[in-house]
Every structure is written in structure tokens, then in C-alpha cells.
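So the structure is just underneath, and the comments pick up after that.
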Number of protein chains: 4
Amino acid sequence: MEENKDTTIKVGIIGATGYAGAELVRILQRHPAAEVVWYGSRSYIEKEYASVYRNFFQVVENICKGDDLNELADRADVIFTATPQGFLSSVISEDILQKVKIVDLSADFRLKDVAVYEKWYGIEHKAPQFIEEAVYGLCEINREDIKGARLIANPGCYTTCSILTAYPLVKEGLIDADSLIIDAKSGTSGAGRGEKLSNLFCEVNENIKAYGVAGHRHTPEIEEQLGYAAERELVLNFTPHLVPMNRGILVTAYASLKGKDADPERVRAAYEKYYGKESFIRILPAGECPETKWVEGSNFVDIGFVIDERTNRIIMMGAIDNLVKGAAGQAVQNMNLLFGLPESTGLMMMPMFP
Amino acid sequence: MEENKDTTIKVGIIGATGYAGAELVRILQRHPAAEVVWYGSRSYIEKEYASVYRNFFQVVENICKGDDLNELADRADVIFTATPQGFLSSVISEDILQKVKIVDLSADFRLKDVAVYEKWYGIEHKAPQFIEEAVYGLCEINREDIKGARLIANPGCYTTCSILTAYPLVKEGLIDADSLIIDAKSGTSGAGRGEKLSNLFCEVNENIKAYGVAGHRHTPEIEEQLGYAAERELVLNFTPHLVPMNRGILVTAYASLKGKDADPERVRAAYEKYYGKESFIRILPAGECPETKWVEGSNFVDIGFVIDERTNRIIMMGAIDNLVKGAAGQAVQNMNLLFGLPESTGLMMMPMFP
Amino acid sequence: MEENKDTTIKVGIIGATGYAGAELVRILQRHPAAEVVWYGSRSYIEKEYASVYRNFFQVVENICKGDDLNELADRADVIFTATPQGFLSSVISEDILQKVKIVDLSADFRLKDVAVYEKWYGIEHKAPQFIEEAVYGLCEINREDIKGARLIANPGCYTTCSILTAYPLVKEGLIDADSLIIDAKSGTSGAGRGEKLSNLFCEVNENIKAYGVAGHRHTPEIEEQLGYAAERELVLNFTPHLVPMNRGILVTAYASLKGKDADPERVRAAYEKYYGKESFIRILPAGECPETKWVEGSNFVDIGFVIDERTNRIIMMGAIDNLVKGAAGQAVQNMNLLFGLPESTGLMMMPMFP
Amino acid sequence: MEENKDTTIKVGIIGATGYAGAELVRILQRHPAAEVVWYGSRSYIEKEYASVYRNFFQVVENICKGDDLNELADRADVIFTATPQGFLSSVISEDILQKVKIVDLSADFRLKDVAVYEKWYGIEHKAPQFIEEAVYGLCEINREDIKGARLIANPGCYTTCSILTAYPLVKEGLIDADSLIIDAKSGTSGAGRGEKLSNLFCEVNENIKAYGVAGHRHTPEIEEQLGYAAERELVLNFTPHLVPMNRGILVTAYASLKGKDADPERVRAAYEKYYGKESFIRILPAGECPETKWVEGSNFVDIGFVIDERTNRIIMMGAIDNLVKGAAGQAVQNMNLLFGLPESTGLMMMPMFP
């Protein structure tokens, strides 16, 4: 399955055998200007990558390598780290960053306040000196900063969906940001490929539950980013739920409207102001509710809202594919920005239905 | 499969071929003091009941009959109406109620304010004269009133789960009832057996969506009942979601705590005060989140809660099987009360896992 | 949830925290003449059983114990061993068997030829001296022998469904037993609760595959039992498949009809001859195909067949719940026989649909 | 989402709002040399196509049109008919075929013997004069004939998978074609988007069943094509099953090996001989079993086999995505051949896992 690409970008992936890593491979296989040169996977070192993900049989013929970032920095133009928290911060260096761009899919450089990181993640941050320069890679909001960065903190899956769903209304001051309650529902791939009881088919199927209530690590990330929009510190409630499906995140966010007059047109105008020209954000017509299946396999974010005049609250809803816009797709979108490519290059996958 | 029962109660079911009707049949087959004598189903009249639900092959040998309530009133001791809104109110009469008890699984007699009914359901109420005497059949709360009633309004599935989850905290004034936001998730059997696009496997599977946002008909029912607890009128937000599973409702409810001091012990004490002796309500240990699979097939309600000190809100969670405690199980629980049986008679089905 | 039972039978379970063990608990909780006195689980010793299976919260209040069969033999009337292959044969003794009945849900005593056991299971059999007396616990076929036994080899899940589906036609010589091909499909609970990659939700969901092709260990068990019916040695093909559902086994079995005249009435008569009076076997009307959902949660076996005159083959189909008739239900059915109870005692669970 | 394509091929779709039609749209949106100019759907005429399939919101902006093949023949270079049986044969004409190529996804022109068609489909064939020239569009087998055709009969989904799985062994005479038994399992999208009870989520989920046993209409299609390979008439058994997943077909095919010496190398050599250079067929290593998830969303066919020396039978297994290689993908593959494009143009979608 070799093809001639106008290859310019050599890509290394550390953590290539997690679900997010495999989604990077899926997307980059079809990217016209990138080539994966390093399939890093500590667990499967020396094994054929396609033996770990049989969907790539006869497509990917590479062997899994280790996670030596220094060696990789000499071979790649960009490195994606789809690794556990703490990995990148323990190995990153100025030397590496002078050679290669890094898009980190872990949480290591998402939070600007190292104390908040250490509190929520329970580990010491080993490279706080790079936190300042890291750019939070939510492309629709930080596009210009991303272009010139060396280190991108790729947002979390829940975070991407939560922030994008609420951002324009917080930014425009249409809602009371302190009233924000985010009830999120995720497919099971978000829990990773770990061999854990809670990930077993029979434990997840025909079941739904909340987890990490009032303590999920994506909470401070959402608060920080929406805090920038509100121009002040925020706390909010975020509750994730595990849904018996492979992919997809749906966010249902509640907030009180400022002022007495619920005005759907002003709300719509706010969404249009920030997202009207975005390739990947689709604002649904009045009253329509997004469905995760409408975005599955794609980089789209679908957003809808309903105003409840009785309670003077707005219900905002957003849907993404957690592995695409919530992880690998957004990482490639960041890569495109970093290398001056059109932002949607290689990312116009059509959502697959059914 | 005949058995000798100490049969005392002759049961008629109208709407026996819907999912709630079939669940009544499943439960009553194992009930030691009841016998179904009438399988009413306008759609399948003259057909074998077991041809409509093949799980009852060689178990139920009856033929489906029509929906003539007057005839049935002469043959049964209690009638369950698992029918569309408006059916019972169009046929009920004083004559019938003098002969037979009625447990109505539709919404016809759930709301005391006929104007509210007519607004949310969009139909004229044909028998408002019976609204006053109808007892709202939430057994844990209205037990004593149920015992002497002729007409029971069996609560809705979302309603049962929502009310029971929040009731003690509203009643005890621990939460600000105006701040209540109820985010509910339901299995697909809640949508019924209608041959509709939105019920198709390929539309529901691998998908999640909200629906009826700010307009679902269970909203005023929740508001009315929790309003009694709060001793004033309430409005709140209720958002249902469709989950790719057959059974189960999970409610995640958010509210602001009154006072500054979040006090888990007071919250727990409130739950224990109202539910400590209940057969079907299980208060989970601190920090545990209910899962719908833990109650599947049973009449249990599992409740858990987490206090978020950062936002001074409480997150309450409740789980039921929508067809059992949310419909047929609760209806039988009402029947047991109506006929002086121990409330859990025939209802101690063990939850099925996995 | 205490109730007064006419308790006569004290039950010990070894392997109580596997899925089959948990299903034994579910069934025995509602059994009117048995009480579980020992929840054995080496992995969860000293832990609350209900913390391992939250569906039993406030229902089962026992603590998990170890797997000391000698101690248990003094306390119980019957022991169910839902353990890995090789466990029971390594600890069983004449002394134990003189004190207590054993129903073994593992394969240790299913095969009469120890060489066949050792070849297919790859382990040495440590107690071949008990193989002869062990009775193969397929109640519908070996009922009389079971009644007087000390040691019951409870059949495998695939085996139960495969044998019962084909047995009457092999026994009556209506099909060419050498032509038998059994294509079986199982829900994922059949794979157990092991924390393995192949059991993860995202690996099983939206997927189907064959496994163990031409090498699954239930093959010799089917061959031995159908060989008794044919009164000669048999080899056949058996292919299991993993289906994205929790419970259920469907067997589709193909065989050439003996003689040229396909005769549905003779086939039906054969099924009726052997199963006509059985409580748990339901022969479907002509042309109907069983569905696993029709038997879910119950001890039923549904059987249907179609004759293809073009190829002179018959397609036999059988459906069971793998955890009930395929494991725990059948084990309790054996217990009932061992203790002189009506065979269906505690086993008339209605199938749950949907 | 407009892009500049080197558009050469104008495509019309009749039946664009069925699942196969929607998959054509998904694939053609990313095809570099084709443009859909007509979204025909009798049911949704004048409605926005993207309102019927919300995944195409802001991607497809066209309005649904009718099914006037004559008008469409003037506007398109190729017409895909994803319509019920009997539609194309009732409207096709020489005039139309002189203007436009037709790829028919229905069964109208798949069978060469009109009597067989009329017997299995139960309708009169209205255009038997075009049967002879129609080319059976199984690209890997009929590639050369397809290139020059006007009318392509795109194979059925079960058929594609069944034939490709068995073809080389029948062609090379390694198996006894009369012994072929094909046990097939399909995701629910194969049943279409019809609002029928049997397609409802709650009827399909947590369930598996066989259907159309000994009578499914894909049977004669498989027999005819494999008959060409065997160079004689064949009858075989084909049994489809409905699996609770959206997409995917798995075929498990059984046959007796000719000769006594089971020889895996000869079998592998036969597969390699016919498929070794194919872009879309992947022969798995020895002993590996295909999984539908490995091909989901792609045009791949994965094939594996196991020889059972005990029974001298071979078990062949094939997996496809029923909507891609089983319908729309193969249709586009045919289009590519018809218009002289590289066969894999626009079809190198990576399988999506999980």
C-alpha cells in the first residue's frame, strides 16, 4: 500500500499502540504530507505494529520501537506523545525542542499552574520550565499561538468538547460562568486499552454510570481555559459518564442566562461570531440536538442549544469523536498549523453512519 | 407451566403487548397471589400473546383481547392500563371504579392541575372529575394513601428515578430546590416498541443524544411532586438522553447546598430517614456511583451522592430499571398495597449481572 | 432480605466470583430449599461478596472465603465448583465424596477417556479414579443416573446447547452423524471475567469473530455424548464465535438427512419423543428460528429446525442462556435431582425481554 | 466543504437515502474524480439530503430528487441504483444504456436464469433482454468483463463475502463443492433502514438469530457464481444470522477437502494465486481468524482458514464491511473500472478500530 506522497513531515509517535496512537496512524496513513517514521510502543517493542492492530495488516509494515525521545528527535520533524501523564515531562529537554516539534496528547503541559497539575494528577512535574512556552492546542481558539510554537499541549477529549460547547457564551458574557454544570458522556475507548475489570465488555455493555464525580482531572483544564474567556477564575461542575459504545463524547452543559430576556438570536450570533468560519465546527439549526453518531470517525464538533424560558437557563450540547477531535484529529490539526499546511489537510474524513 | 397459586387477585392488562405490558406479564407470572386473566391488546386482538412475545412461548397460552374496560371490570379485581395518554381518561367511569381497582401506567391522572396536563400533553382531559381522587403511586412516599385508593397514577420512569433521588434533600431543605438540574439517561425500551426510525438498531447503537430538551412531559410531574416536598411551586431542568442499551435509567441531579458547610453526614442521614427501612431503595456507601446494570431486572433503586466543596453543590445519582421500578414493578408494588399484601410480594427479583 | 426458607440444602460455592458463580448466587437467592453458606473465592478472600458484585448489595451480606474443600465438606450438603480446569481433580478425595455431593462446573470429570482430557486440556488429570463414577449432568438425558450420584460433571455451555439440539436426531438415526457441523455463537460472558485484551469492550463491541477453530475444548465433549447416542465413535466440526452481547448461545447445526425423503413430521416426532415432557425444552413451531433473547435469564432451551430439500440437509438451531442452562441453572437442576426435589424448583425464571 | 476535484465523472444515485446509498455518498465525497449530481430518493423528494443523514450536515447541500432514470441519464455519466428489487428492471431501456453506465446494487441483473430470479424473488422480471449483457460486478473475478460493460450487477453483501472466501478452492478443485455449508453473520445495517419491528434496537440488541434459513435470496447468486468456478451446477447451504452490531459480515464456510491429505500449503497457494496481487483482499497468516472490526469502514476482504485433519474438512472464514465491499465500496470499485481509473481510487479508507 505504498503511495507517493509529497512527503514533507516525518512523524514519530510515542505510545502508538494505545487507542489514540492507533487513531493517529489511521489518520496519518491518509495524510498527503506526512509519514510516520517511528511507531513507539514500550509494550510491543520489536513486534509488528500491524500485529497489535490487525486493521493495519498489509497497510503498516513497520516494527514497534521504544520511546527514546532523543533518538527520535534526530529522525522526526514532529513527535506525538500519546503517553501516560508524567512521561513527556520526565524526558523533554531544550535540546529536543530545538530539533523537533512536540504535540503532547497527555496532560503534562495543559495546565499553566504547576501546583494545580500536581494536586489533580498526584505526581511531581519534572519539567515546569517548559510549561510557560507550551501552547494549549485548541486550534479554533489558539490558532495563531499554535503556529509558532515548539510544544503543543493537545487538549483532553472531554475538555475539547466542553470548552468548545460553552466558549462563545462565556466569552460574550451571555451566561453566568459560575453556574456552569457540564454533564458529559463518553464512549469506552476514552478509557484506553488497559486490561482492567472496568473496561470488560460484560461490565460496560447494557450499563451506564458516572465516575470521577467532582474529581475528574479534566475539570481544572476546563476551568482554566474558560477562565481565560471569562477573564477571571472559575469553578464549575464536570461529571463524566461511561456509555456502552466505542466512540463519541456528548456534552450537555447547563448555565443560567445573564439578564432576564432569553434571546436565542443573540446566542446564535455568539456561536456564529466565533465558529462561523470554522471548518470543523457545525452549529445545528434551532432546537436540534447533536448525536455522537453524526460525527463518528470525523474531526467535526456539532453544537446545538435550547433555551428554557421557565428556568432562564440554557442547555448547550456538543458532540465529538473522542479519538478524532478529542485526540488524534486535533493533534494532526495542530501539526498542520505548526507546519504551515491548510488546517484541514488530511482531516476531511466523512462521519460514518451507521 | 401451571402451578397452584393461592390466587386471590384477578388481573387485567390493557396494553399488554407494549414493553411495559410484557414486563407486567413477566412479573405477574411469578407472583404468588395474582393471575392475569385478560391480555388486552388492540393491535394483536385474537392472536396468541406468546406469538407477540416469544419469550412466553409455552408459558402464556392466552389469546389477546380488546380494550373494553367495562367488560373487563366485571372479570378482574385490578386493571393495569399500559396505554397511550388519553386512553384511560376517555373510558373511565364511576361504574368501573366501583367494581375494580385501576393502576394506570399512563400519565392521565398523574398531574393534579388539568391545565398543566393539557398544556404538556396537548390533549383535552376527558375525565377531570377523577383527578382529585387519583393517588400518585410512588409507594415509598405515598404508601398510606395508596392503600385505600381506587385509582392509582403509576409514576413515569424518569419521574420515579428523579423524584426518589432528590426527595429527601428537598424535603429536609438541604438543597436549594430552584437550583435542581436533572440530567437523565435511559435505555431504549423507554421509547416503546413503536416502529419508528429513531428506534431502529442502527440509529441508536453506537450513539447518544439528548432529546425533548426543556420540553419533556415528565418535567411537570417531577416539579409537582418535588414541589409537595418543598411545600411550594418549583421549576427545574430535566434533560433525557437516549443510551444504546435495552434497559435502565440513570439520573444525575445537581443542586446547590443550602448553607456554606457541606456536610455529607447530614445528607446521608436525610436519605436514611426516608429510605432506611425501604425494601427497594439502597443507599450506596460514600462516594460510590450507581450503575444501571446493578439493578437490571429488579425493582431496586440505587442512590449515591458526592458533595463538591469547591462549588458547594451536591451531585445526586439514582439508578433503576425503567421497566421494573419505572413501570411494571412499581405497578405491582401498588397492587400489593391496594390488596393488603406485603409490599414486596412477587417483586424480589435479583438484579441480573452481567 | 432475609426470608424463612424451608432450608434443607446447605450450598458451598468455590469460584463464587466468576460469572457462573455469580449466576449460581442469583438463582440460589430465590431457591426455596437451598441456602448458600460458603462464598469461595481465592481472589477476593475476606472481602464482602457484594463488593465484587454490586447487584447483590444489601442482598448478600457474606464474606468471601477460600477454597478449602475439606473444611467446606463438613459444612455443606453440596458443593458447586465453578473453578478452572484441574482444580477439582487436584483436591477431590473419597473422604470428601463421602460427606458431600459435588456438582463440578469445570471440565475435570466430563470426559470418560483420561487421555482425551489430557490431550485437549494439556494438563495431567490428578484424580482419574473418580472419572468412572462421575455422571455427566445433562439432566434431560441422564436424569436417572444423576439422582444417585455423588459427583456430577456439569456440562459445558456450548456442549449443552449443541448436544440437546442434535441429540434426538442422532439417537433416532435420522441424520448422518458424521456429517454434523456445529456453528455456535456465544455472548461474551462465556469468556469469563478475566482482565484480558480480548475481553475488553472496545475489542468485542461492533465485532464478530470465530475462535478456537477446529480446536475448542468442548469438541470432544460433544463428540463423546453424541457418540453414546449414535452408539459409535464420532468426529464432527464445532466452531465457536464471539458475539457482542452479554449472554446467550445460539447453535446452528448442519447434518445430512439419512434417506432421500426429507420428512419434517418424523423429525418433529423425534424431538417430541425425547423432549415432549421436558420443563425446560421448547420445540418451536415449524420454520421458526430460536433467538437467544427469548431465553435470556431463564433455564429454557429453544429448538427449531428447517429442512432443505435441495441439499437434503437439515439445519437444527438451539438457543440457551449460557450462564443459566449453560452453567448455573443446569447445576441447580442437577442439585434438585440429587436431593429429590422437583427438578424445576427455583428455576422457573421468566426470560427477560427486552 | 467545496474542493476542486479533477471531476470527470458525474454520478447519479437512485435510492440515496438507504444505508447503501448513504455509504455511496460518504465514499464519493472523498473520491478525487467523481461528483454526485443527483441524490434520488422517492421518500424524501424536495427535502435536504443532509436532513435525512445529519452526518452530512454542511457537507452535502443538495436536495433529494425523484427517480426519473431518463432525465438522470442525460445528466450523469454513471447511475447507481440502490433500489428495491424490480425497480431497475421496470425502467431500464436501451435508450438509457446508450447514454449512461449503470451500476445496479439490487438483484435485478445478478442471476442469468430469469426463472431462478422469478422463483426466488417472487416477481416477474420486466427486462430480461438486458440480463445477458449485464456483468456480475465482482471485480476480483470479472475485472476484464466489467471494464467494457454498460450494465453492472453489483453483488449482494453476503454473496461477495461468501464467493470470495470460497472461490479459489472451488476453482482449483481443492474442496468438494457439493459439501459447502456457509454460515454467515451480518450486522443490522444489512437489513436496511425500514421501520420494522425486527429492526428495532430492543429486538436486535443482546440477541442473535438465524433467519431465511434454506430460503435466503442470496443463495442462488452464490450457487451460480461458484458454479462457474466449479464448471457445473451446484447447490449449497447458506444460513444468514443477524448480529447486534451496525456493520460487518463474517462468513464461516465449511467444506470437505478432496483427497486424503490435508495440505495447508496448497490451500494457501490457491488463495495467493487468485488474490496475491489484489489491493483489497488480505490473506491472513496461518491459523488466524478474521474479525469484522478489522475491516470496518474499509473496502478490505480478510480471509483466513483452518484445516481440521480429524474430519478432513476445511473451515474458511471471510470478513467484509457489508456497506463497503458488500455494497457501496464495490460499486465504486466497479465505477473505477468502467471509467478507466485505478481500481482503488477513492477507496483506500483505513479500517476504523475501535
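Chain lettering (A, B, ...) mirrors the order of the C-alpha cells, residue numbering begins at 1 for each chain separately, and ligand numbering begins at 1 in order of display.
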Who sits within 6 Å of range 104-114 of chain C, only C-alpha atoms, same chain under 4 positions skipped, as a ChimeraX atom specification: /C:80-83,85,131,153-154
Please dump the current selection as a PDB file, in the first residue's frame; keep N, CA and C atoms.
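Saved the output as again.pdb:
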ATOM      1  N   PHE C  80     -20.681 -26.591  44.739  1.00  0.00           N
ATOM      2  CA  PHE C  80     -20.531 -26.278  43.316  1.00  0.00           C
ATOM      3  C   PHE C  80     -19.114 -25.770  43.101  1.00  0.00           C
ATOM      4  N   THR C  81     -18.393 -26.393  42.190  1.00  0.00           N
ATOM      5  CA  THR C  81     -17.052 -25.891  41.864  1.00  0.00           C
ATOM      6  C   THR C  81     -17.091 -25.215  40.490  1.00  0.00           C
ATOM      7  N   ALA C  82     -17.059 -23.895  40.524  1.00  0.00           N
ATOM      8  CA  ALA C  82     -17.024 -23.111  39.281  1.00  0.00           C
ATOM      9  C   ALA C  82     -15.605 -22.585  39.144  1.00  0.00           C
ATOM     10  N   THR C  83     -14.702 -23.503  38.914  1.00  0.00           N
ATOM     11  CA  THR C  83     -13.263 -23.261  39.028  1.00  0.00           C
ATOM     12  C   THR C  83     -12.551 -23.596  37.723  1.00  0.00           C
ATOM     13  N   GLN C  85     -10.060 -25.472  35.069  1.00  0.00           N
ATOM     14  CA  GLN C  85      -9.789 -26.895  34.839  1.00  0.00           C
ATOM     15  C   GLN C  85      -8.630 -27.313  35.749  1.00  0.00           C
ATOM     16  N   ILE C 131     -13.263 -40.638  37.700  1.00  0.00           N
ATOM     17  CA  ILE C 131     -13.883 -40.363  36.399  1.00  0.00           C
ATOM     18  C   ILE C 131     -15.048 -41.322  36.142  1.00  0.00           C
ATOM     19  N   ALA C 153     -20.621 -34.088  36.696  1.00  0.00           N
ATOM     20  CA  ALA C 153     -19.861 -33.255  35.765  1.00  0.00           C
ATOM     21  C   ALA C 153     -20.867 -32.401  35.003  1.00  0.00           C
ATOM     22  N   ASN C 154     -20.984 -31.153  35.433  1.00  0.00           N
ATOM     23  CA  ASN C 154     -21.956 -30.254  34.801  1.00  0.00           C
ATOM     24  C   ASN C 154     -21.447 -29.900  33.402  1.00  0.00           C
TER      25      ASN C 154
END
For range 123-128 of chain C: contacts at 9 Å, only C-alpha atoms, fewer than 5 positions along chain excluded, given as a ChimeraX atom specification: /C:85-86,88-93,108-109,114-115,117-118
DSSP helix (DSSP H, G or I) selection over range 134-354 of chain C, as number ranges by chain: C: 139-147, 157-171, 177-179, 188-191, 197-199, 201-204, 218-230, 264-275, 292-294, 324-338
Output as a Markdown table one row per residue of chain C within 8 Å of chain B: the closest atom pair and its distance in Å to one decimal place, counting only C-alpha atoms, sorted by chain and residue number ascending.
| residue | atom | partner | partner_atom | distance |
| --- | --- | --- | --- | --- |
| C:Met1 | CA | B:Ser279 | CA | 7.8 |
| C:Tyr19 | CA | B:Pro354 | CA | 7.5 |
| C:Ala22 | CA | B:Phe353 | CA | 7.9 |
| C:Glu23 | CA | B:Phe353 | CA | 7.7 |
| C:Arg26 | CA | B:Met350 | CA | 6.1 |
| C:Gln29 | CA | B:Met350 | CA | 7.7 |
| C:Arg30 | CA | B:Met349 | CA | 7.8 |
| C:Tyr53 | CA | B:Phe353 | CA | 8.0 |
| C:Arg54 | CA | B:Trp294 | CA | 5.9 |
| C:Asn55 | CA | B:Trp294 | CA | 4.1 |
| C:Phe56 | CA | B:Pro351 | CA | 7.5 |
| C:Phe57 | CA | B:Arg282 | CA | 7.8 |
| C:Gln58 | CA | B:Arg282 | CA | 7.4 |
| C:Ser189 | CA | B:Pro354 | CA | 7.2 |
| C:Asn246 | CA | B:Pro354 | CA | 6.3 |
| C:Arg247 | CA | B:Pro354 | CA | 7.6 |
| C:Ser279 | CA | B:Met1 | CA | 7.7 |
| C:Arg282 | CA | B:Gln58 | CA | 7.3 |
| C:Lys293 | CA | B:Asn55 | CA | 7.5 |
| C:Trp294 | CA | B:Asn55 | CA | 4.1 |
| C:Val295 | CA | B:Asn55 | CA | 6.1 |
| C:Gly297 | CA | B:Met352 | CA | 7.6 |
| C:Met349 | CA | B:Arg30 | CA | 7.8 |
| C:Met350 | CA | B:Arg26 | CA | 6.1 |
| C:Pro351 | CA | B:Asn55 | CA | 5.7 |
| C:Met352 | CA | B:Asn55 | CA | 7.4 |
| C:Phe353 | CA | B:Asn55 | CA | 6.9 |
| C:Pro354 | CA | B:Asn246 | CA | 6.3 |
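The interatomic distance for the pair CA of Ala255 in chain B and CA of Val135 in chain B works out to 28.0 Å.
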Nearby residues (only C-alpha atoms) at most 7 Å from range 63-71 of chain C, same-chain spacing under 2 positions excluded, as a ChimeraX atom specification: /C:14,38-42,44-49,61,73-75,96
Those residues you just picked out, can you put them in a file as an mmCIF file, in the first residue's frame with C-alpha atoms?
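Writing the result to out-v9.cif gives the following:
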data_model
loop_
_atom_site.group_PDB
_atom_site.id
_atom_site.type_symbol
_atom_site.label_atom_id
_atom_site.label_comp_id
_atom_site.auth_asym_id
_atom_site.auth_seq_id
_atom_site.Cartn_x
_atom_site.Cartn_y
_atom_site.Cartn_z
ATOM 1 C CA ILE C 14 -15.984 -22.493 45.075
ATOM 2 C CA TRP C 38 -19.890 -20.542 51.616
ATOM 3 C CA TYR C 39 -18.880 -17.989 49.000
ATOM 4 C CA GLY C 40 -15.466 -19.284 47.995
ATOM 5 C CA SER C 41 -13.188 -17.009 46.021
ATOM 6 C CA ARG C 42 -9.459 -17.211 46.275
ATOM 7 C CA TYR C 44 -11.383 -11.898 46.959
ATOM 8 C CA ILE C 45 -10.868 -13.728 50.218
ATOM 9 C CA GLU C 46 -12.037 -11.733 53.269
ATOM 10 C CA LYS C 47 -13.821 -9.221 51.031
ATOM 11 C CA GLU C 48 -17.559 -8.703 51.037
ATOM 12 C CA TYR C 49 -19.109 -10.738 48.272
ATOM 13 C CA GLU C 61 -24.018 -9.939 53.276
ATOM 14 C CA ALA C 73 -17.266 -30.655 53.033
ATOM 15 C CA ASP C 74 -18.071 -30.544 56.735
ATOM 16 C CA ARG C 75 -20.323 -27.557 56.390
ATOM 17 C CA ILE C 96 -14.891 -35.565 50.693
#
Distance query range 312-314 of chain C at most 8 Å, only C-alpha atoms, self and fewer than 5 positions along chain excluded, as a list of chain:residue names: C:Tyr254, C:Ala255, C:Ser256, C:Leu257, C:Lys260, C:Ala262, C:Phe305, C:Val306, C:Ile307
